[in-house]
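Reproduced below: my_file-v1.csv, with CSV, C-alpha atoms.
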chain,number,residue,atom,x,y,z
F,24,MET,CA,0.0,0.0,0.0
F,25,THR,CA,1.4,3.4,-0.9
F,26,THR,CA,1.5,6.3,1.5
F,27,LEU,CA,-1.4,8.6,1.3
F,28,ILE,CA,-1.1,12.1,0.0
F,29,ALA,CA,-1.7,14.1,3.2
F,30,ASP,CA,0.8,17.0,3.1
F,31,GLU,CA,-1.9,19.6,2.5
F,32,PHE,CA,-3.8,18.4,5.6
F,33,THR,CA,-1.7,19.5,8.6
F,34,THR,CA,-4.4,21.6,10.2
F,35,SER,CA,-7.6,20.4,11.8
F,36,ILE,CA,-11.1,20.9,10.6
F,37,ASN,CA,-14.1,20.8,12.9
F,38,ASP,CA,-16.1,18.5,10.7
F,39,PRO,CA,-13.8,15.5,10.0
F,40,LEU,CA,-15.8,14.5,6.9
F,41,ASP,CA,-14.5,17.7,5.3
F,42,LEU,CA,-11.0,16.5,6.0
F,43,VAL,CA,-11.9,13.0,4.7
F,44,GLU,CA,-13.2,14.6,1.5
F,45,GLU,CA,-10.0,16.5,1.0
F,46,LEU,CA,-8.0,13.4,1.5
F,47,ALA,CA,-10.2,11.5,-1.0
F,48,ASN,CA,-9.8,14.3,-3.5
F,49,ALA,CA,-6.0,14.4,-3.1
F,50,ASN,CA,-5.7,10.7,-3.6
F,51,ASP,CA,-8.1,10.5,-6.5
F,52,TRP,CA,-10.6,8.2,-4.8
F,53,LEU,CA,-14.1,7.9,-6.0
F,54,PHE,CA,-16.4,8.9,-3.2
F,55,ASP,CA,-20.0,9.7,-2.2
F,56,ARG,CA,-20.9,11.9,0.8
F,57,THR,CA,-24.0,12.5,2.8
F,58,ASP,CA,-24.3,14.7,6.0
F,59,ASP,CA,-22.7,12.2,8.3
F,60,GLU,CA,-21.1,9.6,6.1
F,61,LEU,CA,-18.5,9.4,3.3
F,62,THR,CA,-17.8,6.2,1.3
F,63,ALA,CA,-14.7,5.9,-0.9
F,64,ALA,CA,-13.4,3.2,-3.2
F,65,VAL,CA,-9.7,2.3,-2.8
F,66,THR,CA,-7.9,-0.3,-4.9
F,67,GLY,CA,-5.6,-2.5,-3.0
F,68,ASN,CA,-3.1,-5.2,-4.1
F,69,TYR,CA,-5.7,-7.9,-3.6
F,70,CYS,CA,-9.1,-6.3,-4.0
F,71,GLU,CA,-11.0,-3.1,-3.9
F,72,TYR,CA,-11.8,-1.8,-0.4
F,73,GLN,CA,-14.7,0.3,0.5
F,74,LEU,CA,-13.7,2.9,3.1
F,75,ARG,CA,-16.8,4.1,5.0
F,76,PHE,CA,-16.4,7.0,7.4
F,77,PHE,CA,-19.2,7.9,9.9
F,78,TRP,CA,-19.2,11.1,11.9
F,79,ARG,CA,-21.2,11.2,15.1
F,80,GLU,CA,-21.3,14.9,16.1
F,81,GLU,CA,-22.9,14.4,19.5
F,82,GLU,CA,-20.3,11.9,20.6
F,83,ARG,CA,-17.5,13.6,18.5
F,84,VAL,CA,-16.6,10.2,17.1
F,85,LEU,CA,-15.3,9.4,13.6
F,86,GLN,CA,-15.6,5.8,12.7
F,87,LEU,CA,-13.9,4.1,9.8
F,88,ALA,CA,-14.9,0.7,8.4
F,89,CYS,CA,-12.7,-0.7,5.6
F,90,VAL,CA,-14.9,-3.4,3.9
F,91,PHE,CA,-13.4,-6.2,1.8
F,92,ASP,CA,-14.7,-7.1,-1.6
F,93,GLY,CA,-16.7,-10.3,-1.1
F,94,ARG,CA,-18.5,-12.2,1.6
F,95,ALA,CA,-17.9,-15.2,3.8
F,96,PRO,CA,-20.2,-18.1,3.0
F,97,THR,CA,-22.3,-19.5,5.9
F,98,ALA,CA,-20.3,-22.8,6.0
F,99,LYS,CA,-17.1,-20.9,6.7
F,100,ARG,CA,-18.2,-18.4,9.2
F,101,SER,CA,-17.1,-20.3,12.4
F,102,ALA,CA,-13.6,-20.6,10.9
F,103,ILE,CA,-13.7,-16.9,10.0
F,104,TYR,CA,-14.6,-16.0,13.6
F,105,GLU,CA,-11.7,-18.0,14.8
F,106,THR,CA,-9.4,-16.4,12.2
F,107,ILE,CA,-10.6,-12.9,13.3
F,108,GLY,CA,-9.7,-13.8,16.9
F,109,LEU,CA,-6.2,-14.8,15.9
F,110,ILE,CA,-5.7,-11.7,13.8
F,111,ASN,CA,-7.1,-9.3,16.4
F,112,GLU,CA,-4.5,-10.5,18.9
F,113,ARG,CA,-1.8,-9.0,16.7
F,114,LEU,CA,-3.4,-5.6,16.1
F,115,TRP,CA,-2.3,-2.5,17.9
F,116,LEU,CA,-5.1,-0.3,16.5
F,117,GLY,CA,-8.6,-1.2,15.3
F,118,HIS,CA,-10.0,-4.6,14.9
F,119,PHE,CA,-11.5,-7.0,12.2
F,120,GLU,CA,-15.0,-8.2,12.4
F,121,MET,CA,-17.7,-9.9,10.3
F,122,TRP,CA,-21.3,-8.8,10.0
F,123,ALA,CA,-23.2,-11.9,10.8
F,124,ASP,CA,-26.2,-11.0,8.6
F,125,GLU,CA,-24.2,-10.6,5.4
F,126,GLY,CA,-20.9,-12.3,6.1
F,127,LEU,CA,-19.0,-9.0,5.2
F,128,LEU,CA,-15.5,-8.9,6.4
F,129,MET,CA,-14.1,-5.5,7.5
F,130,TYR,CA,-11.6,-3.7,9.6
F,131,ARG,CA,-13.0,-1.0,12.0
F,132,HIS,CA,-11.6,1.8,14.1
F,133,ALA,CA,-13.1,4.8,15.8
F,134,THR,CA,-11.4,7.9,17.1
F,135,ILE,CA,-12.7,10.7,19.3
F,136,ALA,CA,-12.2,14.3,18.1
F,137,ASP,CA,-10.7,16.9,20.5
F,138,GLU,CA,-13.4,18.6,22.6
F,139,ASP,CA,-11.8,22.0,22.2
F,140,GLY,CA,-13.1,22.4,18.7
F,141,HIS,CA,-10.0,21.5,16.8
F,142,GLY,CA,-11.4,18.3,15.4
F,143,ILE,CA,-9.1,15.7,13.9
F,144,SER,CA,-5.8,16.6,12.3
F,145,GLY,CA,-4.9,15.6,8.8
F,146,ASN,CA,-1.9,13.6,10.1
F,147,HIS,CA,-4.2,11.8,12.5
F,148,LEU,CA,-6.7,10.9,9.8
F,149,ALA,CA,-3.9,9.8,7.4
F,150,THR,CA,-2.5,7.5,10.1
F,151,ILE,CA,-5.9,5.9,10.7
F,152,VAL,CA,-6.5,5.3,7.0
F,153,GLU,CA,-3.0,4.1,6.3
F,154,THR,CA,-3.3,1.7,9.2
F,155,ALA,CA,-6.6,0.4,8.1
F,156,LEU,CA,-5.5,-0.2,4.5
F,157,SER,CA,-2.1,-1.8,5.5
F,158,GLU,CA,-3.8,-4.2,8.0
F,159,CYS,CA,-6.3,-5.2,5.4
F,160,GLU,CA,-3.6,-5.9,2.9
F,161,ARG,CA,-1.5,-7.7,5.5
F,162,PHE,CA,-4.3,-10.0,6.6
F,163,TYR,CA,-6.3,-10.4,3.3
F,164,PRO,CA,-4.3,-13.6,2.4
F,165,VAL,CA,-5.2,-15.1,5.8
F,166,PHE,CA,-8.9,-14.8,5.1
F,167,GLN,CA,-8.5,-16.1,1.6
F,168,PHE,CA,-6.5,-19.2,2.8
F,169,VAL,CA,-9.4,-20.0,5.2
F,170,LEU,CA,-12.2,-19.2,2.7
F,171,TRP,CA,-10.9,-20.8,-0.5
F,172,ALA,CA,-7.8,-23.0,0.3
F,173,ASN,CA,-9.6,-24.8,3.2
F,174,LYS,CA,-6.8,-24.1,5.6
F,175,THR,CA,-7.5,-24.0,9.3
F,176,PRO,CA,-7.2,-20.5,10.8
F,177,GLN,CA,-3.9,-21.3,12.4
F,178,GLU,CA,-2.5,-22.8,9.2
F,179,ALA,CA,-3.6,-19.7,7.3
F,180,MET,CA,-1.9,-17.5,9.9
F,181,ASP,CA,1.3,-19.5,9.7
F,182,SER,CA,1.3,-19.5,5.9
F,183,ALA,CA,0.4,-15.8,5.4
F,184,MET,CA,2.7,-14.5,8.1
F,185,LEU,CA,5.8,-16.2,6.8
F,186,GLU,CA,8.6,-13.7,6.6
F,187,THR,CA,11.2,-14.3,3.9
F,188,MET,CA,14.9,-13.7,4.7
F,189,GLY,CA,17.8,-13.2,2.4
F,190,GLU,CA,17.7,-12.8,-1.4
F,191,ALA,CA,16.6,-15.1,-4.1
Is it possible to give me this structure as structure tokens?
Amino acid sequence: MTTLIADEFTTSINDPLDLVEELANANDWLFDRTDDELTAAVTGNYCEYQLRFFWREEERVLQLACVFDGRAPTAKRSAIYETIGLINERLWLGHFEMWADEGLLMYRHATIADEDGHGISGNHLATIVETALSECERFYPVFQFVLWANKTPQEAMDSAMLETMGEA
């Protein structure tokens, strides 16, 4: 995943969705915005991700959901829940989950805006988005090994988390 263009976003804006919109424009993402939600399409190495930002003014919370392309079939959901548990143990920010109704896999994170009216800084927002996308890219193969290669969650983690050493 490449680093987001965020140089122009060093100040804060009281409505974080304005900042998200600027970030989306600067990175040439297709997006759609309503009063309290912005959805953007971002192409990753493995699939297209849907970034969904929700702003809750009363709580001053910005939530990000990074939804994967595809769904987990019902027969694989218990293995996916186990996989999510193994993955979430390794995360320092945010978490993965699956919506039970639809089998949608996603990464989620929420952050609280400063109460003094400064909102969320561009650097803060860029870090949240970069983390979401990099974690999705990092763990996408694990989910695929469980869903389509019939590996157990632990086998999938072991296979996908292999680190190569040296040169070929």
Residues within 6 Å of (-10.3, 5.1, -1.0), file coords, all atoms listed in the file, listed as number ranges by chain: F: 52, 63-65, 74
Of the listed residues F:Leu61, F:Arg83, F:Ile103, F:Pro96, that which approaches Leu46 in chain F most closely, counting all atoms listed in the file: F:Leu61
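Taking all atoms listed in the file into account, the residues near (-16.8, 20.7, 6.4), no farther than 12 Å, are Ser35, Ile36, Asn37, Asp38, Pro39, Leu40, Asp41, Leu42, Val43, Glu44, Glu45, Arg56, Thr57, Asp58, Asp59, Glu60, Leu61, Trp78, Gly142 and Ile143 of chain F.
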Polymer residues at most 12 Å from Phe168 in chain F, only C-alpha atoms, same-chain spacing of 4 or more positions, as a VMD selection string: chain F and resid 99 102 to 103 106 162 to 164 172 to 184
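Here CA of Leu116 in chain F stands at a distance of 22.2 Å from CA of Glu80 in chain F.
Using all atoms listed in the file, the nearest neighbour of Ser101 in chain F within the list F:Ala123, F:Cys70, F:Glu158, F:Leu114 is F:Ala123.
In this comparison, which uses all atoms listed in the file, the residue of F:Phe91, F:Tyr72, F:Phe54, F:Phe166 approaching Tyr104 in chain F most closely is F:Phe166.
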Contact residues around Thr154 in chain F with all atoms listed in the file at 10 Å, ignoring same-chain residues under 2 positions, as a list in words: Met24, Trp115, Leu116, Gly117, Tyr130, His132, Leu148, Ala149, Thr150, Ile151, Val152, Leu156, Ser157, Glu158, Cys159 and Glu160 of chain F
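Here CA of Asp55 in chain F stands at a distance of 10.6 Å from CA of Phe76 in chain F.
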Nearest to Ala155 in chain F, chosen from F:Gln167, F:Gln73, F:Val84, F:Leu127, with all atoms listed in the file counted in the distances: F:Gln73
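Residue nearest Tyr69 in chain F within the list F:Arg113, F:Leu53, F:Trp171, F:Asp92: F:Asp92 [criterion: smallest interatomic distance, all atoms listed in the file].
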Point-to-point distance in Å for CA of Ile135 in chain F and CA of Ile107 in chain F: 24.4 Å
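Using all atoms listed in the file, the shortest contact distance between Arg100 in chain F and any of F:Arg131, F:Arg75, F:Asp124, F:Asp137 is found at F:Asp124.
Near Leu128 in chain F, within a cut-off of 7 Å and counting only C-alpha atoms, sit the residues Val90, Phe91, Arg94, Glu120, Met121 and Trp122 of chain F, with same-chain residues fewer than 5 positions away left out.
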